[in-house]
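Trainee: File follows, upload15.txt with compact mmCIF, C-alpha atoms:
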```txt
# COMPACT_ATOMS: atom_id res chain seq x y z
CA SER A 1 105.61 -11.78 -101.39
CA ASP A 2 107.35 -14.75 -99.83
CA ARG A 3 107.56 -12.93 -96.50
CA HIS A 4 103.82 -12.34 -96.48
CA ILE A 5 103.01 -15.95 -97.34
CA ASN A 6 105.53 -17.28 -94.83
CA GLY A 7 103.91 -15.12 -92.15
CA MET A 8 100.49 -16.45 -93.08
CA ALA A 9 101.86 -20.00 -93.05
CA ARG A 10 103.27 -19.50 -89.54
CA VAL A 11 99.88 -18.36 -88.26
CA ALA A 12 98.17 -21.26 -90.04
CA ALA A 13 100.67 -23.67 -88.47
CA GLU A 14 99.75 -22.35 -85.03
CA PHE A 15 96.11 -23.16 -85.75
CA PRO A 16 96.22 -26.38 -87.80
CA MET A 17 92.54 -27.13 -87.22
CA ASN A 18 91.44 -23.77 -88.66
CA ALA A 19 90.57 -24.62 -92.25
CA GLU A 20 90.04 -20.97 -93.19
CA TYR A 21 93.65 -20.15 -92.32
CA GLN A 22 94.89 -23.19 -94.22
CA ARG A 23 92.85 -22.29 -97.30
CA ALA A 24 94.03 -18.67 -97.14
CA VAL A 25 97.65 -19.81 -97.31
CA ALA A 26 96.83 -22.15 -100.18
CA ALA A 27 95.05 -19.34 -102.05
CA ALA A 28 98.02 -17.01 -101.59
CA ARG A 29 100.39 -19.71 -102.89
CA PHE A 30 98.09 -20.25 -105.88
CA ASP A 31 98.25 -16.53 -106.69
CA VAL A 32 102.04 -16.55 -106.50
CA ALA A 33 102.19 -19.68 -108.65
CA SER A 34 99.98 -18.05 -111.27
CA VAL A 35 102.27 -15.04 -111.53
CA LEU A 36 105.37 -17.23 -111.65
CA ALA A 37 103.83 -19.30 -114.45
CA MET A 38 102.99 -16.16 -116.44
CA LEU A 39 106.61 -15.07 -116.06
CA GLY A 40 107.81 -18.40 -117.41
CA ARG A 41 109.19 -19.49 -114.04
CA THR A 42 107.48 -22.85 -114.32
CA ARG A 43 109.61 -24.83 -111.87
CA GLU A 44 108.98 -22.25 -109.14
CA ALA A 45 105.28 -22.21 -110.00
CA LEU A 46 105.24 -26.00 -109.70
CA GLU A 47 106.77 -25.76 -106.22
CA GLN A 48 104.03 -23.36 -105.10
CA HIS A 49 101.31 -25.56 -106.60
CA GLU A 50 102.78 -28.59 -104.82
CA LEU A 51 102.62 -26.71 -101.52
CA THR A 52 99.02 -25.79 -102.29
CA LEU A 53 98.28 -29.45 -103.01
CA ALA A 54 99.81 -30.46 -99.67
CA VAL A 55 97.39 -28.12 -97.88
CA ALA A 56 94.46 -29.47 -99.88
CA ASP A 57 95.50 -33.05 -99.10
CA SER A 58 95.70 -32.21 -95.42
CA LEU A 59 92.26 -30.62 -95.38
CA VAL A 60 90.70 -33.55 -97.24
CA ALA A 61 92.32 -35.96 -94.78
CA LYS A 62 90.74 -34.06 -91.88
CA ASP A 63 87.30 -33.77 -93.49
CA PRO A 64 86.96 -36.14 -96.46
CA LYS A 65 83.26 -35.36 -97.01
CA ASN A 66 83.84 -31.63 -97.42
CA GLU A 67 83.08 -30.88 -101.07
CA GLN A 68 84.99 -27.58 -101.09
CA PHE A 69 88.14 -29.30 -99.85
CA GLN A 70 87.67 -32.01 -102.49
CA SER A 71 87.27 -29.33 -105.16
CA ASP A 72 90.37 -27.48 -103.94
CA ARG A 73 92.32 -30.73 -104.10
CA GLY A 74 91.12 -31.43 -107.63
CA SER A 75 92.11 -27.94 -108.78
CA SER A 76 95.50 -28.33 -107.15
CA LEU A 77 96.09 -31.64 -108.91
CA LEU A 78 95.21 -30.02 -112.24
CA ASN A 79 97.59 -27.14 -111.58
CA VAL A 80 100.45 -29.47 -110.67
CA GLY A 81 99.76 -31.52 -113.79
CA ASP A 82 99.73 -28.41 -115.96
CA MET A 83 103.13 -27.33 -114.65
CA LEU A 84 104.56 -30.82 -115.19
CA VAL A 85 103.32 -30.78 -118.79
CA ARG A 86 104.92 -27.36 -119.35
CA LEU A 87 108.21 -28.61 -117.93
CA SER A 88 108.23 -31.66 -120.17
CA ALA A 89 107.48 -29.68 -123.36
```
Before we go any further, please render this structure as structure tokens.
Mentor:
Amino acid sequence: SDRHINGMARVAAEFPMNAEYQRAVAAARFDVASVLAMLGRTREALEQHELTLAVADSLVAKDPKNEQFQSDRGSSLLNVGDMLVRLSA
């Protein structure tokens, strides 16, 4: 739920250097985006994927050599692109 994710995001914001917290928020947003996309709520799914991408960008900026962060960023870019394609169809 939004309340759950927002609570997680508040905790993650209190500990911006804790990558595990940041990735947990991103993973929760990904899950929500997936459900929204299945329900045909593509614009809302795009918004969640964009928020996930912002987290991935932030983590890569802090640790550019981290392969997991790079992979997360790549997946996020693909998800955003997929939603943009769906919206343009």
Trainee: For a cutoff of 7 Å around the file-coordinate point (94.5, -33.1, -105.5), which residues qualify once you count all atoms listed in the file? I'd like the result as a ChimeraX atom specification.
Mentor: /A:53,56-57,73-77
Trainee: Between CA of His4 in chain A and CA of Glu67 in chain A, what is the distance, to one decimal in Å?
Mentor: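 So the two atoms, CA of His4 in chain A and CA of Glu67 in chain A, lie 28.2 Å apart.
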Trainee: Which one is closest to Met17 in chain A: A:Ser58, A:Ser34, A:Gln68, A:Thr42? Count only C-alpha atoms.
Mentor: A:Ser58
Trainee: Compare A:Arg86, A:Lys62, A:Arg10, A:Arg23 by their minimum atom-to-atom distance to Leu46 in chain A, counting all atoms listed in the file, and give me the closest one.
Mentor: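 Of A:Arg86, A:Lys62, A:Arg10, A:Arg23, the one nearest Leu46 in chain A is A:Arg86, counting all atoms listed in the file.
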Trainee: Up to 10 Å from (103.8, -16.8, -97.3) in the file's coordinates: name the residues, counting all atoms listed in the file, as a list in words.
Mentor: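 Here the neighbourhood of the point contains Ser1, Asp2, Arg3, His4, Ile5, Asn6, Gly7, Met8, Ala9, Arg10, Val11, Ala24, Val25, Ala26, Ala28, Arg29 and Val32 of chain A.
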Trainee: Quick one: distance from CA of Arg41 in chain A to CA of Ala27 in chain A in Å, one decimal?
Mentor: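 Separation of CA of Arg41 in chain A and CA of Ala27 in chain A: 18.5 Å.
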Trainee: If you measure from CA of Leu84 in chain A to CA of Ala33 in chain A, what distance in Å do you get, rounded to one decimal?
Mentor: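 Taking CA of Leu84 in chain A as the start and CA of Ala33 in chain A as the end point, the length is 13.1 Å.
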Trainee: Mind checking which residues fall within 9 Å of Met83 in chain A, counting only C-alpha atoms, ignoring those fewer than 3 positions away in the same chain, and posting them as an NGL selection string?
Mentor: :A and (37 or 42-43 or 45-46 or 49 or 78-80 or 86-88)
Trainee: Which is closer to Ala12 in chain A than all the others in A:Val60, A:Leu39, A:Asp31, A:Val55, using all atoms listed in the file?
Mentor: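 So, comparing all the options, the nearest one is A:Val55.
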Trainee: Could I get range 73-84 of chain A rebuilt with all heavy atoms, written as a PDB file, in the coordinates of the input?
Mentor:
```
ATOM      1  N   ARG A  73      91.325 -29.696-103.813  1.00  0.00           N
ATOM      2  CA  ARG A  73      92.320 -30.730-104.100  1.00  0.00           C
ATOM      3  C   ARG A  73      92.361 -31.037-105.598  1.00  0.00           C
ATOM      4  O   ARG A  73      93.422 -31.142-106.198  1.00  0.00           O
ATOM      5  CB  ARG A  73      92.047 -31.996-103.307  1.00  0.00           C
ATOM      6  CG  ARG A  73      93.122 -33.050-103.500  1.00  0.00           C
ATOM      7  CD  ARG A  73      92.900 -34.255-102.585  1.00  0.00           C
ATOM      8  NE  ARG A  73      93.986 -35.182-102.747  1.00  0.00           N
ATOM      9  CZ  ARG A  73      94.034 -36.123-103.700  1.00  0.00           C
ATOM     10  NH1 ARG A  73      93.041 -36.245-104.560  1.00  0.00           N
ATOM     11  NH2 ARG A  73      95.075 -36.936-103.775  1.00  0.00           N
ATOM     12  N   GLY A  74      91.185 -31.163-106.199  1.00  0.00           N
ATOM     13  CA  GLY A  74      91.120 -31.430-107.630  1.00  0.00           C
ATOM     14  C   GLY A  74      91.774 -30.318-108.444  1.00  0.00           C
ATOM     15  O   GLY A  74      92.548 -30.588-109.380  1.00  0.00           O
ATOM     16  N   SER A  75      91.494 -29.080-108.085  1.00  0.00           N
ATOM     17  CA  SER A  75      92.110 -27.940-108.780  1.00  0.00           C
ATOM     18  C   SER A  75      93.623 -27.952-108.605  1.00  0.00           C
ATOM     19  O   SER A  75      94.368 -27.678-109.547  1.00  0.00           O
ATOM     20  CB  SER A  75      91.545 -26.625-108.242  1.00  0.00           C
ATOM     21  OG  SER A  75      90.179 -26.523-108.536  1.00  0.00           O
ATOM     22  N   SER A  76      94.069 -28.283-107.409  1.00  0.00           N
ATOM     23  CA  SER A  76      95.500 -28.330-107.150  1.00  0.00           C
ATOM     24  C   SER A  76      96.180 -29.413-107.982  1.00  0.00           C
ATOM     25  O   SER A  76      97.270 -29.199-108.533  1.00  0.00           O
ATOM     26  CB  SER A  76      95.772 -28.575-105.659  1.00  0.00           C
ATOM     27  OG  SER A  76      95.327 -27.480-104.898  1.00  0.00           O
ATOM     28  N   LEU A  77      95.532 -30.567-108.077  1.00  0.00           N
ATOM     29  CA  LEU A  77      96.090 -31.640-108.910  1.00  0.00           C
ATOM     30  C   LEU A  77      96.192 -31.203-110.369  1.00  0.00           C
ATOM     31  O   LEU A  77      97.204 -31.481-111.041  1.00  0.00           O
ATOM     32  CB  LEU A  77      95.234 -32.899-108.788  1.00  0.00           C
ATOM     33  CG  LEU A  77      95.380 -33.676-107.480  1.00  0.00           C
ATOM     34  CD1 LEU A  77      94.250 -34.695-107.344  1.00  0.00           C
ATOM     35  CD2 LEU A  77      96.739 -34.355-107.419  1.00  0.00           C
ATOM     36  N   LEU A  78      95.165 -30.524-110.865  1.00  0.00           N
ATOM     37  CA  LEU A  78      95.210 -30.020-112.240  1.00  0.00           C
ATOM     38  C   LEU A  78      96.340 -29.021-112.438  1.00  0.00           C
ATOM     39  O   LEU A  78      97.043 -29.060-113.455  1.00  0.00           O
ATOM     40  CB  LEU A  78      93.872 -29.387-112.615  1.00  0.00           C
ATOM     41  CG  LEU A  78      92.721 -30.348-112.850  1.00  0.00           C
ATOM     42  CD1 LEU A  78      91.413 -29.580-112.995  1.00  0.00           C
ATOM     43  CD2 LEU A  78      92.976 -31.196-114.080  1.00  0.00           C
ATOM     44  N   ASN A  79      96.532 -28.144-111.468  1.00  0.00           N
ATOM     45  CA  ASN A  79      97.590 -27.140-111.580  1.00  0.00           C
ATOM     46  C   ASN A  79      98.976 -27.784-111.568  1.00  0.00           C
ATOM     47  O   ASN A  79      99.854 -27.386-112.338  1.00  0.00           O
ATOM     48  CB  ASN A  79      97.467 -26.110-110.456  1.00  0.00           C
ATOM     49  CG  ASN A  79      96.228 -25.258-110.614  1.00  0.00           C
ATOM     50  OD1 ASN A  79      95.790 -24.968-111.713  1.00  0.00           O
ATOM     51  ND2 ASN A  79      95.648 -24.866-109.494  1.00  0.00           N
ATOM     52  N   VAL A  80      99.173 -28.752-110.696  1.00  0.00           N
ATOM     53  CA  VAL A  80     100.450 -29.470-110.670  1.00  0.00           C
ATOM     54  C   VAL A  80     100.673 -30.167-112.004  1.00  0.00           C
ATOM     55  O   VAL A  80     101.762 -30.080-112.603  1.00  0.00           O
ATOM     56  CB  VAL A  80     100.511 -30.473-109.493  1.00  0.00           C
ATOM     57  CG1 VAL A  80     101.684 -31.420-109.627  1.00  0.00           C
ATOM     58  CG2 VAL A  80     100.591 -29.717-108.159  1.00  0.00           C
ATOM     59  N   GLY A  81      99.655 -30.836-112.502  1.00  0.00           N
ATOM     60  CA  GLY A  81      99.760 -31.520-113.790  1.00  0.00           C
ATOM     61  C   GLY A  81     100.097 -30.570-114.918  1.00  0.00           C
ATOM     62  O   GLY A  81     100.932 -30.874-115.777  1.00  0.00           O
ATOM     63  N   ASP A  82      99.459 -29.405-114.927  1.00  0.00           N
ATOM     64  CA  ASP A  82      99.730 -28.410-115.960  1.00  0.00           C
ATOM     65  C   ASP A  82     101.187 -27.972-115.934  1.00  0.00           C
ATOM     66  O   ASP A  82     101.843 -27.883-116.983  1.00  0.00           O
ATOM     67  CB  ASP A  82      98.806 -27.205-115.767  1.00  0.00           C
ATOM     68  CG  ASP A  82      98.977 -26.154-116.842  1.00  0.00           C
ATOM     69  OD1 ASP A  82      99.106 -26.523-118.042  1.00  0.00           O
ATOM     70  OD2 ASP A  82      98.978 -24.947-116.501  1.00  0.00           O
ATOM     71  N   MET A  83     101.730 -27.751-114.745  1.00  0.00           N
ATOM     72  CA  MET A  83     103.130 -27.330-114.650  1.00  0.00           C
ATOM     73  C   MET A  83     104.068 -28.463-115.093  1.00  0.00           C
ATOM     74  O   MET A  83     105.076 -28.207-115.761  1.00  0.00           O
ATOM     75  CB  MET A  83     103.474 -26.897-113.213  1.00  0.00           C
ATOM     76  CG  MET A  83     102.764 -25.642-112.748  1.00  0.00           C
ATOM     77  SD  MET A  83     103.086 -24.174-113.745  1.00  0.00           S
ATOM     78  CE  MET A  83     101.535 -24.054-114.645  1.00  0.00           C
ATOM     79  N   LEU A  84     103.729 -29.687-114.756  1.00  0.00           N
ATOM     80  CA  LEU A  84     104.560 -30.820-115.190  1.00  0.00           C
ATOM     81  C   LEU A  84     104.556 -30.954-116.704  1.00  0.00           C
ATOM     82  O   LEU A  84     105.603 -31.227-117.302  1.00  0.00           O
ATOM     83  CB  LEU A  84     104.083 -32.108-114.524  1.00  0.00           C
ATOM     84  CG  LEU A  84     104.341 -32.205-113.012  1.00  0.00           C
ATOM     85  CD1 LEU A  84     103.626 -33.424-112.435  1.00  0.00           C
ATOM     86  CD2 LEU A  84     105.833 -32.239-112.717  1.00  0.00           C
TER      87      LEU A  84
END
```
